[in-house]
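Pasted below: work-v7.txt, compact mmCIF, C-alpha atoms and all ligand atoms.
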# COMPACT_ATOMS: atom_id res chain seq x y z
CA MET A 1 -60.70 49.28 22.27
CA VAL A 2 -62.62 49.98 19.03
CA ASP A 3 -62.03 48.34 15.66
CA GLY A 4 -59.54 50.21 13.51
CA ASN A 5 -57.45 51.20 16.48
CA ARG A 6 -56.03 47.93 17.74
CA THR A 7 -52.70 46.21 17.32
CA PHE A 8 -52.69 42.42 16.98
CA PHE A 9 -49.54 40.42 17.53
CA LEU A 10 -49.73 37.08 15.70
CA THR A 11 -47.39 34.21 16.44
CA GLY A 12 -47.38 31.85 13.46
CA GLY A 13 -48.29 34.83 11.28
CA ALA A 14 -46.99 33.16 8.10
CA GLY A 15 -49.07 30.04 8.54
CA PHE A 16 -52.27 29.16 6.74
CA ILE A 17 -54.60 30.52 9.42
CA GLY A 18 -52.24 33.40 10.27
CA SER A 19 -52.29 34.64 6.68
CA HIS A 20 -56.10 34.68 6.51
CA LEU A 21 -56.31 36.32 9.92
CA THR A 22 -53.82 39.00 8.82
CA GLU A 23 -55.94 39.72 5.76
CA ALA A 24 -59.10 40.18 7.85
CA ILE A 25 -57.41 42.36 10.49
CA LEU A 26 -55.86 44.66 7.89
CA ALA A 27 -59.20 44.88 6.07
CA GLY A 28 -60.77 46.06 9.34
CA GLY A 29 -58.19 48.87 9.62
CA ASP A 30 -56.28 47.38 12.56
CA ARG A 31 -52.54 46.74 12.71
CA VAL A 32 -50.69 43.40 12.54
CA LEU A 33 -47.32 42.54 14.01
CA ALA A 34 -46.38 38.99 13.07
CA ILE A 35 -43.63 36.52 13.75
CA ASP A 36 -43.04 33.08 12.31
CA ASN A 37 -40.00 30.83 12.35
CA LEU A 38 -41.10 29.46 8.95
CA ALA A 39 -40.86 25.86 10.19
CA THR A 40 -44.27 25.10 8.68
CA GLY A 41 -45.31 28.64 7.73
CA SER A 42 -44.25 30.09 4.40
CA MET A 43 -43.17 33.49 3.06
CA ASP A 44 -45.68 32.92 0.24
CA ASN A 45 -48.36 33.53 2.87
CA VAL A 46 -47.04 36.99 3.78
CA THR A 47 -45.33 38.46 0.73
CA HIS A 48 -48.54 40.17 -0.42
CA PHE A 49 -48.72 42.07 2.90
CA LEU A 50 -45.09 43.18 2.99
CA GLY A 51 -44.95 46.94 2.59
CA HIS A 52 -48.51 47.40 3.93
CA PRO A 53 -48.31 50.34 6.38
CA ASN A 54 -50.21 48.38 9.06
CA HIS A 55 -48.23 45.15 8.77
CA ARG A 56 -44.84 44.22 10.21
CA PHE A 57 -43.32 40.78 9.88
CA GLU A 58 -40.25 39.32 11.47
CA GLN A 59 -38.81 35.86 10.99
CA ALA A 60 -38.41 34.84 14.62
CA SER A 61 -39.31 32.11 17.02
CA ILE A 62 -41.62 32.33 20.03
CA THR A 63 -38.62 31.55 22.19
CA ASP A 64 -36.84 34.71 20.95
CA ARG A 65 -37.51 36.83 24.03
CA GLY A 66 -36.28 40.17 22.66
CA VAL A 67 -38.60 40.09 19.65
CA MET A 68 -41.51 38.75 21.70
CA GLU A 69 -41.14 41.54 24.26
CA GLN A 70 -40.87 44.25 21.61
CA MET A 71 -43.93 43.07 19.68
CA ALA A 72 -46.03 42.49 22.81
CA SER A 73 -45.15 45.96 24.14
CA GLU A 74 -46.90 47.43 21.09
CA ALA A 75 -49.87 45.02 21.07
CA ASP A 76 -53.38 44.97 22.51
CA VAL A 77 -54.17 41.38 21.56
CA ILE A 78 -51.89 38.39 20.99
CA VAL A 79 -53.21 35.55 18.85
CA HIS A 80 -50.98 32.56 19.51
CA LEU A 81 -51.13 30.35 16.43
CA ALA A 82 -47.52 29.15 16.36
CA ALA A 83 -47.53 25.42 17.06
CA ALA A 84 -46.58 22.07 15.66
CA VAL A 85 -49.31 21.27 13.11
CA GLY A 86 -50.40 18.28 11.08
CA VAL A 87 -50.80 14.73 12.31
CA LYS A 88 -47.96 13.53 10.06
CA LEU A 89 -45.49 16.04 11.50
CA ILE A 90 -46.66 15.30 15.03
CA VAL A 91 -46.14 11.57 14.68
CA GLU A 92 -42.73 12.01 13.02
CA HIS A 93 -41.41 14.70 15.42
CA PRO A 94 -42.94 14.09 18.84
CA VAL A 95 -40.24 15.92 20.87
CA GLN A 96 -40.43 19.07 18.77
CA THR A 97 -44.24 18.92 18.97
CA ILE A 98 -44.46 18.79 22.74
CA GLU A 99 -41.65 21.27 23.36
CA THR A 100 -42.95 23.84 20.85
CA ASN A 101 -46.48 23.65 22.17
CA VAL A 102 -45.76 23.70 25.88
CA MET A 103 -42.73 26.01 26.09
CA GLY A 104 -44.03 28.30 23.37
CA THR A 105 -47.32 28.95 25.13
CA GLU A 106 -45.52 29.51 28.41
CA GLU A 107 -43.43 32.26 26.75
CA VAL A 108 -46.51 33.82 25.18
CA LEU A 109 -48.45 33.93 28.44
CA ARG A 110 -45.54 35.45 30.34
CA VAL A 111 -44.98 38.18 27.78
CA ALA A 112 -48.73 38.87 27.63
CA LEU A 113 -48.90 39.26 31.40
CA ARG A 114 -45.98 41.69 31.48
CA ASN A 115 -47.54 43.77 28.72
CA LYS A 116 -51.22 43.36 29.74
CA CYS A 117 -52.34 41.95 26.39
CA ARG A 118 -55.42 39.83 25.81
CA VAL A 119 -54.26 36.39 24.59
CA LEU A 120 -56.10 34.01 22.29
CA ILE A 121 -54.56 30.54 22.28
CA ALA A 122 -55.16 28.21 19.35
CA SER A 123 -55.96 24.75 20.63
CA THR A 124 -57.42 21.78 18.82
CA SER A 125 -60.27 19.30 18.67
CA GLU A 126 -57.57 16.65 19.19
CA VAL A 127 -58.02 17.26 22.92
CA TYR A 128 -61.36 15.42 22.75
CA GLY A 129 -59.29 12.35 21.86
CA LYS A 130 -61.36 9.21 21.60
CA GLY A 131 -64.42 10.71 23.25
CA SER A 132 -67.62 8.96 22.21
CA LYS A 133 -70.24 11.54 23.17
CA PHE A 134 -71.29 13.58 20.14
CA PRO A 135 -71.15 16.43 19.45
CA PHE A 136 -68.07 17.41 21.45
CA ALA A 137 -68.79 20.22 23.93
CA GLU A 138 -66.18 22.26 25.75
CA GLU A 139 -67.09 21.00 29.23
CA ASP A 140 -67.04 17.31 28.21
CA ASP A 141 -64.56 14.87 29.74
CA VAL A 142 -61.69 13.96 27.45
CA LEU A 143 -60.36 10.49 26.69
CA LEU A 144 -56.83 10.26 25.34
CA GLY A 145 -54.98 7.12 24.25
CA ALA A 146 -51.86 5.62 25.84
CA THR A 147 -48.66 7.67 26.18
CA SER A 148 -46.91 5.17 23.89
CA LYS A 149 -48.86 6.65 20.95
CA SER A 150 -47.25 9.93 19.76
CA ARG A 151 -50.50 11.39 18.48
CA TRP A 152 -51.88 11.76 21.99
CA GLY A 153 -48.77 13.70 23.07
CA TYR A 154 -49.96 16.48 20.78
CA ALA A 155 -53.42 16.45 22.38
CA ALA A 156 -51.90 16.42 25.86
CA SER A 157 -49.55 19.32 25.04
CA LYS A 158 -52.49 21.40 23.83
CA MET A 159 -54.39 20.52 26.99
CA VAL A 160 -51.47 21.83 29.02
CA ASP A 161 -51.67 25.05 26.98
CA GLU A 162 -55.36 25.37 27.83
CA PHE A 163 -54.80 24.58 31.52
CA LEU A 164 -51.97 27.08 31.71
CA GLY A 165 -53.94 29.77 29.90
CA LEU A 166 -56.96 29.35 32.15
CA ALA A 167 -54.66 29.33 35.20
CA TYR A 168 -53.21 32.72 34.15
CA TRP A 169 -56.77 34.01 33.82
CA ARG A 170 -57.84 32.66 37.22
CA GLU A 171 -54.71 33.48 39.18
CA PHE A 172 -53.46 36.67 37.53
CA GLY A 173 -56.63 38.02 35.92
CA LEU A 174 -55.07 37.91 32.44
CA ASP A 175 -57.63 37.97 29.58
CA VAL A 176 -57.06 34.50 28.11
CA VAL A 177 -59.27 32.87 25.48
CA PRO A 178 -58.35 29.35 24.32
CA PHE A 179 -60.20 28.13 21.23
CA ARG A 180 -60.36 24.60 19.78
CA LEU A 181 -60.19 24.37 16.01
CA PHE A 182 -61.87 21.52 14.14
CA ASN A 183 -60.52 20.61 10.68
CA THR A 184 -60.05 24.08 9.23
CA ILE A 185 -59.59 24.18 5.45
CA GLY A 186 -59.32 26.71 2.64
CA PRO A 187 -57.02 28.17 0.03
CA ARG A 188 -53.27 28.28 0.93
CA GLN A 189 -53.39 25.25 3.22
CA THR A 190 -50.56 22.91 2.41
CA GLY A 191 -50.96 19.13 2.27
CA GLN A 192 -47.31 18.71 3.21
CA TYR A 193 -48.04 17.93 6.86
CA GLY A 194 -50.85 15.48 6.18
CA MET A 195 -54.02 17.60 5.86
CA VAL A 196 -56.53 15.66 3.87
CA VAL A 197 -58.28 18.27 1.71
CA PRO A 198 -55.26 19.86 -0.01
CA ARG A 199 -53.76 16.38 -0.39
CA PHE A 200 -56.82 14.92 -2.11
CA ILE A 201 -57.23 17.94 -4.38
CA ARG A 202 -53.59 17.95 -5.44
CA GLN A 203 -53.73 14.20 -6.04
CA ALA A 204 -56.90 14.58 -8.12
CA LEU A 205 -55.52 17.44 -10.20
CA GLY A 206 -52.25 15.57 -10.75
CA GLY A 207 -54.06 12.38 -11.82
CA GLU A 208 -52.45 10.50 -8.92
CA PRO A 209 -54.20 7.94 -6.72
CA ILE A 210 -56.31 9.48 -3.94
CA THR A 211 -55.01 8.05 -0.67
CA VAL A 212 -57.85 7.26 1.73
CA TYR A 213 -56.36 6.09 5.03
CA GLY A 214 -58.02 3.18 6.82
CA ASP A 215 -61.40 2.16 5.43
CA GLY A 216 -62.55 5.75 4.82
CA SER A 217 -65.50 5.49 7.21
CA GLN A 218 -63.98 8.05 9.64
CA ARG A 219 -66.00 11.25 9.62
CA ARG A 220 -65.02 14.89 9.94
CA CYS A 221 -66.66 18.34 9.85
CA PHE A 222 -64.70 20.87 7.81
CA CYS A 223 -64.90 24.62 8.26
CA ASP A 224 -63.74 27.41 5.96
CA VAL A 225 -60.75 29.33 7.28
CA ARG A 226 -62.52 32.66 6.62
CA ASP A 227 -65.41 31.60 8.86
CA VAL A 228 -62.88 30.52 11.49
CA VAL A 229 -61.17 33.92 11.28
CA THR A 230 -64.50 35.68 11.85
CA ALA A 231 -64.97 33.68 15.05
CA ILE A 232 -61.41 34.37 16.25
CA LEU A 233 -61.85 38.12 15.72
CA GLY A 234 -65.20 38.01 17.50
CA LEU A 235 -63.54 36.38 20.51
CA ALA A 236 -60.69 38.89 20.36
CA GLY A 237 -63.11 41.77 20.74
CA HIS A 238 -65.78 40.48 23.10
CA PRO A 239 -65.53 41.62 26.73
CA ASP A 240 -67.06 38.38 28.09
CA ALA A 241 -64.94 35.95 26.05
CA PRO A 242 -62.01 35.37 28.48
CA GLY A 243 -61.80 32.50 30.94
CA ARG A 244 -63.54 29.87 28.80
CA VAL A 245 -62.59 27.57 25.94
CA TYR A 246 -64.52 27.80 22.63
CA ASN A 247 -65.06 25.22 19.90
CA ILE A 248 -64.79 26.64 16.39
CA GLY A 249 -65.80 24.36 13.54
CA GLY A 250 -68.31 23.31 10.93
CA THR A 251 -71.14 20.91 11.67
CA GLU A 252 -71.67 19.30 8.24
CA GLU A 253 -70.32 15.75 8.60
CA VAL A 254 -68.68 13.83 5.78
CA SER A 255 -66.82 10.53 5.66
CA ILE A 256 -63.32 10.57 4.20
CA GLN A 257 -64.44 8.13 1.48
CA GLU A 258 -67.29 10.52 0.53
CA LEU A 259 -64.83 13.41 0.58
CA ALA A 260 -62.56 11.56 -1.85
CA GLU A 261 -65.53 10.85 -4.15
CA ARG A 262 -66.63 14.47 -4.04
CA VAL A 263 -63.15 15.71 -4.90
CA VAL A 264 -62.93 13.30 -7.87
CA GLU A 265 -66.35 14.44 -9.12
CA MET A 266 -65.70 18.17 -8.67
CA THR A 267 -62.26 18.09 -10.33
CA GLU A 268 -63.49 15.68 -13.07
CA SER A 269 -60.37 13.68 -12.34
CA ASP A 270 -59.44 10.21 -13.61
CA SER A 271 -57.70 9.43 -10.31
CA GLN A 272 -58.51 6.16 -8.59
CA ILE A 273 -59.41 6.13 -4.91
CA THR A 274 -57.05 3.78 -3.06
CA LYS A 275 -57.06 2.60 0.55
CA VAL A 276 -53.84 2.93 2.53
CA PRO A 277 -53.52 1.20 5.93
CA TYR A 278 -52.90 3.57 8.85
CA SER A 279 -49.75 1.66 9.76
CA GLU A 280 -48.31 2.58 6.36
CA ALA A 281 -49.59 6.17 6.32
CA TYR A 282 -48.46 7.09 9.84
CA ALA A 283 -46.96 4.47 12.16
CA PRO A 284 -47.77 0.99 13.44
CA GLY A 285 -50.47 1.16 16.12
CA PHE A 286 -51.69 4.60 14.94
CA GLU A 287 -55.13 5.46 16.32
CA ASP A 288 -57.46 7.66 14.35
CA MET A 289 -60.57 9.42 15.60
CA GLU A 290 -63.62 7.78 14.07
CA ARG A 291 -65.80 10.83 14.32
CA ARG A 292 -65.29 14.44 15.28
CA VAL A 293 -68.23 16.85 15.48
CA PRO A 294 -68.17 20.18 17.34
CA ASP A 295 -70.90 21.59 19.50
CA THR A 296 -70.61 25.27 18.59
CA GLY A 297 -73.39 26.47 20.88
CA ARG A 298 -71.06 28.44 23.14
CA VAL A 299 -69.45 30.57 20.44
CA HIS A 300 -72.86 31.00 18.79
CA GLU A 301 -74.40 32.19 22.03
CA LEU A 302 -71.63 34.71 22.67
CA LEU A 303 -71.14 36.05 19.14
CA GLY A 304 -74.07 34.76 17.09
CA TRP A 305 -71.40 32.99 15.00
CA LYS A 306 -72.18 30.24 12.52
CA PRO A 307 -70.13 29.10 9.55
CA LYS A 308 -71.36 30.64 6.29
CA ARG A 309 -69.72 28.44 3.67
CA ASP A 310 -70.72 24.81 3.08
CA LEU A 311 -68.32 22.04 2.07
CA ARG A 312 -69.09 22.26 -1.65
CA GLU A 313 -68.29 25.99 -1.76
CA ILE A 314 -65.07 25.52 0.18
CA LEU A 315 -63.92 22.63 -1.99
CA SER A 316 -64.70 24.65 -5.10
CA ASP A 317 -62.56 27.55 -3.80
CA VAL A 318 -59.67 25.28 -2.87
CA ILE A 319 -59.83 23.54 -6.27
CA SER A 320 -59.67 26.94 -8.06
CA TYR A 321 -56.76 27.98 -5.85
CA GLU A 322 -54.85 24.74 -6.47
CA ARG A 323 -55.53 24.97 -10.24
CA GLY A 324 -54.07 28.50 -10.15
CA ARG A 325 -50.91 27.26 -8.42
CA ILE A 326 -50.13 24.68 -11.07
CA SER A 327 -50.99 26.75 -14.14
N1 LIG A 401 -56.52 11.24 5.61
C1 LIG A 401 -56.62 10.40 4.51
N2 LIG A 401 -55.73 10.57 3.50
C2 LIG A 401 -54.75 11.52 3.50
C3 LIG A 401 -54.67 12.39 4.61
C4 LIG A 401 -55.57 12.21 5.67
O1 LIG A 401 -57.51 9.52 4.46
O2 LIG A 401 -54.00 11.60 2.52
C5 LIG A 401 -57.51 11.07 6.71
C6 LIG A 401 -56.93 11.02 8.11
O3 LIG A 401 -56.52 9.71 8.45
C7 LIG A 401 -58.11 11.50 8.95
C8 LIG A 401 -58.82 12.50 8.02
O4 LIG A 401 -58.37 12.21 6.71
O5 LIG A 401 -58.98 10.44 9.25
C9 LIG A 401 -58.49 13.96 8.35
O6 LIG A 401 -57.10 14.09 8.37
P1 LIG A 401 -56.35 15.46 8.66
O7 LIG A 401 -54.89 15.13 8.84
O8 LIG A 401 -56.70 16.46 7.62
O9 LIG A 401 -56.99 15.97 10.02
P2 LIG A 401 -57.24 15.22 11.43
O10 LIG A 401 -58.73 15.11 11.52
O11 LIG A 401 -56.57 13.89 11.40
O12 LIG A 401 -56.65 16.15 12.40

Produce structure tokens that represent the structure in this file.
Amino acid sequence: MVDGNRTFFLTGGAGFIGSHLTEAILAGGDRVLAIDNLATGSMDNVTHFLGHPNHRFEQASITDRGVMEQMASEADVIVHLAAAVGVKLIVEHPVQTIETNVMGTEEVLRVALRNKCRVLIASTSEVYGKGSKFPFAEEDDVLLGATSKSRWGYAASKMVDEFLGLAYWREFGLDVVPFRLFNTIGPRQTGQYGMVVPRFIRQALGGEPITVYGDGSQRRCFCDVRDVVTAILGLAGHPDAPGRVYNIGGTEEVSIQELAERVVEMTESDSQITKVPYSEAYAPGFEDMERRVPDTGRVHELLGWKPKRDLREILSDVISYERGRIS
């Protein structure tokens, strides 16, 4: 199917990534059908598309079979983004996290099979758990923590999603493409569910203390949401994409302490950087990942994809966006 003639069905279409994906799909002349139960998504992310002739939004859940069937019957590609997001939310609501992720994906795969849609399933770098081989590659073994720690329930639920998706591909020949996102950031991301970049920027602009959890030596690679969207759309359209998992992320590493310093410098803020123990920030016994770096060789090989924006450019965009929100 050629660009400009496809219909995408997005679950989680009012989320941060869903809103950027919608923008890119509509810009390419394709059509978007979107649902979101607005649990973590927001109408602010879709209001500017409402009324667009190629966009239809419905407030609905992925367990709402009637809506799912209707949307899928009109779609060529389903991008399944609806999921429990944010480490804070995951730790505080472990039942909702596991049920949403596992049952939701099951519904999506079934409806995709009945309607012969390609399915892209959003997974996460959390599945690499405490792996100590860097960078993380898709075929690496994974090492999760004990089942008594809620965080790893999220990773395990996303692994089930990947297993199930690949099983539908193998057993039923459904075009399934799971992709693992690594710390995606950009304008419109909310800090409400724990994400570090919008939190630090809002704290800096508000003159509040910047809350670095642990000792700040943990390292992450951030990637601009618009680069991520380019990779997702590449996978949606490539004939050889199905049947494998793809890492999508940036490769420029930064420690959380350095990130805090950079945010203070770029916002010219008077905020102090404070250290907050993990037990206070999340829960006693919380385990963080010390380092998380993607090997993006597979997606590069298939699509020639590489992130275009570096951390400074992304932070600058998010700072402008956050300044606009408060003025
Ligand atoms: N973090 C922090 N302060 C905050 C929020 C998060 O120091 O206010 C840390 C968090 O502990 C983790 C990193 O920043 O080490 C990235 O957190 P985020 O929740 O954005 O993504 P994660 O990599 O944990 O999925």

Centre and size of axis-aligned box enclosing ligand LIG 401 (chain A) plus 4 Å each side, as JSON:
{"center_x": -56.5, "center_y": 13.0, "center_z": 7.5, "size_x": 13.0, "size_y": 14.9, "size_z": 17.9}

When distances are computed from only C-alpha atoms, which of A:Val91, A:Val229, A:Ala260, A:Val79 shows the smallest separation from A:Ala281?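 Counting only C-alpha atoms, the residue closest to A:Ala281 is A:Val91.
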
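Proximity ranking of A:Glu58, A:Glu162, A:Asp215, A:Glu107 relative to A:Lys275 places A:Asp215 first, based on all atoms listed in the file.
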
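Ranking A:Asp64, A:Glu126, A:Asp224, A:Asp288 by their shortest atom-to-atom distance to A:Thr184, with all atoms listed in the file included, puts A:Asp224 first.
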
Return as a tab-separated table the residues of chain A lying at most 8 Å from ligand LIG 401 (chain A), together with the closest atom-to-atom pair for each and the distance in Å to one decimal, counting only C-alpha atoms and all ligand atoms, with rows in chain order and ascending residue number.
residue	atom	partner	partner_atom	distance
A:Gly86	CA	A:LIG401	O7	5.9
A:Val87	CA	A:LIG401	O7	5.4
A:Lys88	CA	A:LIG401	O7	7.2
A:Ser125	CA	A:LIG401	O12	7.9
A:Glu126	CA	A:LIG401	O12	6.9
A:Phe182	CA	A:LIG401	O10	7.6
A:Asn183	CA	A:LIG401	O10	5.8
A:Tyr193	CA	A:LIG401	O7	7.7
A:Gly194	CA	A:LIG401	O7	4.8
A:Met195	CA	A:LIG401	O8	3.4
A:Val196	CA	A:LIG401	C3	3.8
A:Val197	CA	A:LIG401	O8	6.4
A:Arg199	CA	A:LIG401	O2	5.6
A:Phe200	CA	A:LIG401	O2	6.4
A:Ile210	CA	A:LIG401	O2	7.2
A:Thr211	CA	A:LIG401	O2	4.9
A:Val212	CA	A:LIG401	O1	3.6
A:Tyr213	CA	A:LIG401	O1	3.7
A:Gly214	CA	A:LIG401	O1	6.8
A:Gly216	CA	A:LIG401	O1	6.3
A:Gln218	CA	A:LIG401	O5	5.6
A:Arg219	CA	A:LIG401	O5	7.1
A:Arg220	CA	A:LIG401	O10	6.5
A:Ile256	CA	A:LIG401	O4	5.8
A:Gln257	CA	A:LIG401	O1	7.7
A:Lys275	CA	A:LIG401	O1	8.0
A:Val276	CA	A:LIG401	O1	7.8
A:Tyr278	CA	A:LIG401	O3	7.1
A:Ala281	CA	A:LIG401	C2	7.9
A:Asp288	CA	A:LIG401	O5	6.0
A:Met289	CA	A:LIG401	O5	6.6
A:Glu290	CA	A:LIG401	O5	7.2
A:Arg292	CA	A:LIG401	O10	7.6

List every protein, DNA or RNA residue that has an atom no more than 6 Å from (-42.8, 27.8, 20.2) in the file's coordinate frame, counting only C-alpha atoms, and report them as a PyMOL selection string. chain A and resi 62-63+100-101+104

I want to know what sits within 8 Å of A:Glu252, based on only C-alpha atoms, with residues of the same chain fewer than 2 positions away left out; could you give that as a list in words?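 The contact residues come out as Cys221, Phe222, Gly250, Val254, Asp310 and Leu311 of chain A.
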
Output C-alpha atoms of each residue in that selection to a file, as a PDB file, keeping the file's coordinate frame.
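New file again-v4.pdb:
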ATOM      1  CA  CYS A 221     -66.660  18.340   9.850  1.00  0.00           C
ATOM      2  CA  PHE A 222     -64.700  20.870   7.810  1.00  0.00           C
ATOM      3  CA  GLY A 250     -68.310  23.310  10.930  1.00  0.00           C
ATOM      4  CA  VAL A 254     -68.680  13.830   5.780  1.00  0.00           C
ATOM      5  CA  ASP A 310     -70.720  24.810   3.080  1.00  0.00           C
ATOM      6  CA  LEU A 311     -68.320  22.040   2.070  1.00  0.00           C
TER       7      LEU A 311
END

List the spatial neighbours of stretch 113-124 of chain A as a compact mmCIF listing (two decimals) with C-alpha atoms, in the coordinates of the input - criterion: any atom at most 7 Å away, only C-alpha atoms, same-chain residues fewer than 6 positions off excluded.
# COMPACT_ATOMS: atom_id res chain seq x y z
CA ALA A 72 -46.03 42.49 22.81
CA SER A 73 -45.15 45.96 24.14
CA ALA A 75 -49.87 45.02 21.07
CA ASP A 76 -53.38 44.97 22.51
CA VAL A 77 -54.17 41.38 21.56
CA ILE A 78 -51.89 38.39 20.99
CA VAL A 79 -53.21 35.55 18.85
CA HIS A 80 -50.98 32.56 19.51
CA LEU A 81 -51.13 30.35 16.43
CA LYS A 158 -52.49 21.40 23.83
CA LEU A 174 -55.07 37.91 32.44
CA ASP A 175 -57.63 37.97 29.58
CA VAL A 176 -57.06 34.50 28.11
CA VAL A 177 -59.27 32.87 25.48
CA PRO A 178 -58.35 29.35 24.32
CA PHE A 179 -60.20 28.13 21.23
CA ARG A 180 -60.36 24.60 19.78
CA LEU A 181 -60.19 24.37 16.01
CA PHE A 182 -61.87 21.52 14.14
CA ALA A 236 -60.69 38.89 20.36

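Of note, atom CA of A:Gly243 and atom CA of A:Val142 are spaced 18.9 Å apart.
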
Quote the spacing between atom CA of A:Ile98 and atom CA of A:Leu38 in Å to one decimal place.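 Atom-to-atom, atom CA of A:Ile98 and atom CA of A:Leu38 are spaced 17.8 Å apart.
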
Between A:Gly4, A:Gly28, A:Gly41, A:Gly297, which is the closest to A:Gln192 once you count all atoms listed in the file? A:Gly41

Select, from A:Pro242, A:Thr97, A:Leu315, A:Phe49, the residue with the minimum atom-to-atom distance to A:Gly173, counting only C-alpha atoms.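 Using only C-alpha atoms, the shortest distance to A:Gly173 belongs to A:Pro242.
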
What's around A:Ile319 at 10 Å? Count only C-alpha atoms, leave out sequence neighbours fewer than 6 positions away in its own chain, and write the answer as a VMD selection string. chain A and resid 186 to 187 197 to 198 201 to 202 204 to 205 263 266 to 267 313 325

Next, dump the selected residues to file, keeping only C-alpha atoms, as a CSV table (one decimal), in the coordinates of the input.
chain,number,residue,atom,x,y,z
A,186,GLY,CA,-59.3,26.7,2.6
A,187,PRO,CA,-57.0,28.2,0.0
A,197,VAL,CA,-58.3,18.3,1.7
A,198,PRO,CA,-55.3,19.9,0.0
A,201,ILE,CA,-57.2,17.9,-4.4
A,202,ARG,CA,-53.6,18.0,-5.4
A,204,ALA,CA,-56.9,14.6,-8.1
A,205,LEU,CA,-55.5,17.4,-10.2
A,263,VAL,CA,-63.2,15.7,-4.9
A,266,MET,CA,-65.7,18.2,-8.7
A,267,THR,CA,-62.3,18.1,-10.3
A,313,GLU,CA,-68.3,26.0,-1.8
A,325,ARG,CA,-50.9,27.3,-8.4

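Among the candidates A:Ala241, A:Val32, A:Val67, A:Val264, the residue lying nearest to A:Pro53 is A:Val32 (atoms considered: only C-alpha atoms).
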
Report, in Å to a single decimal, how far apart atom CA of A:His20 and atom CA of A:Glu74 are.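 Going from atom CA of A:Glu74 over to atom CA of A:His20, I get 21.4 Å.
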
Taking (-52.7, 33.0, 3.8) in the file's coordinates as the center, which residues reach within 10 Å of it, counting all atoms listed in the file, put as a PyMOL selection string? chain A and resi 13-23+41-49+186-189+225
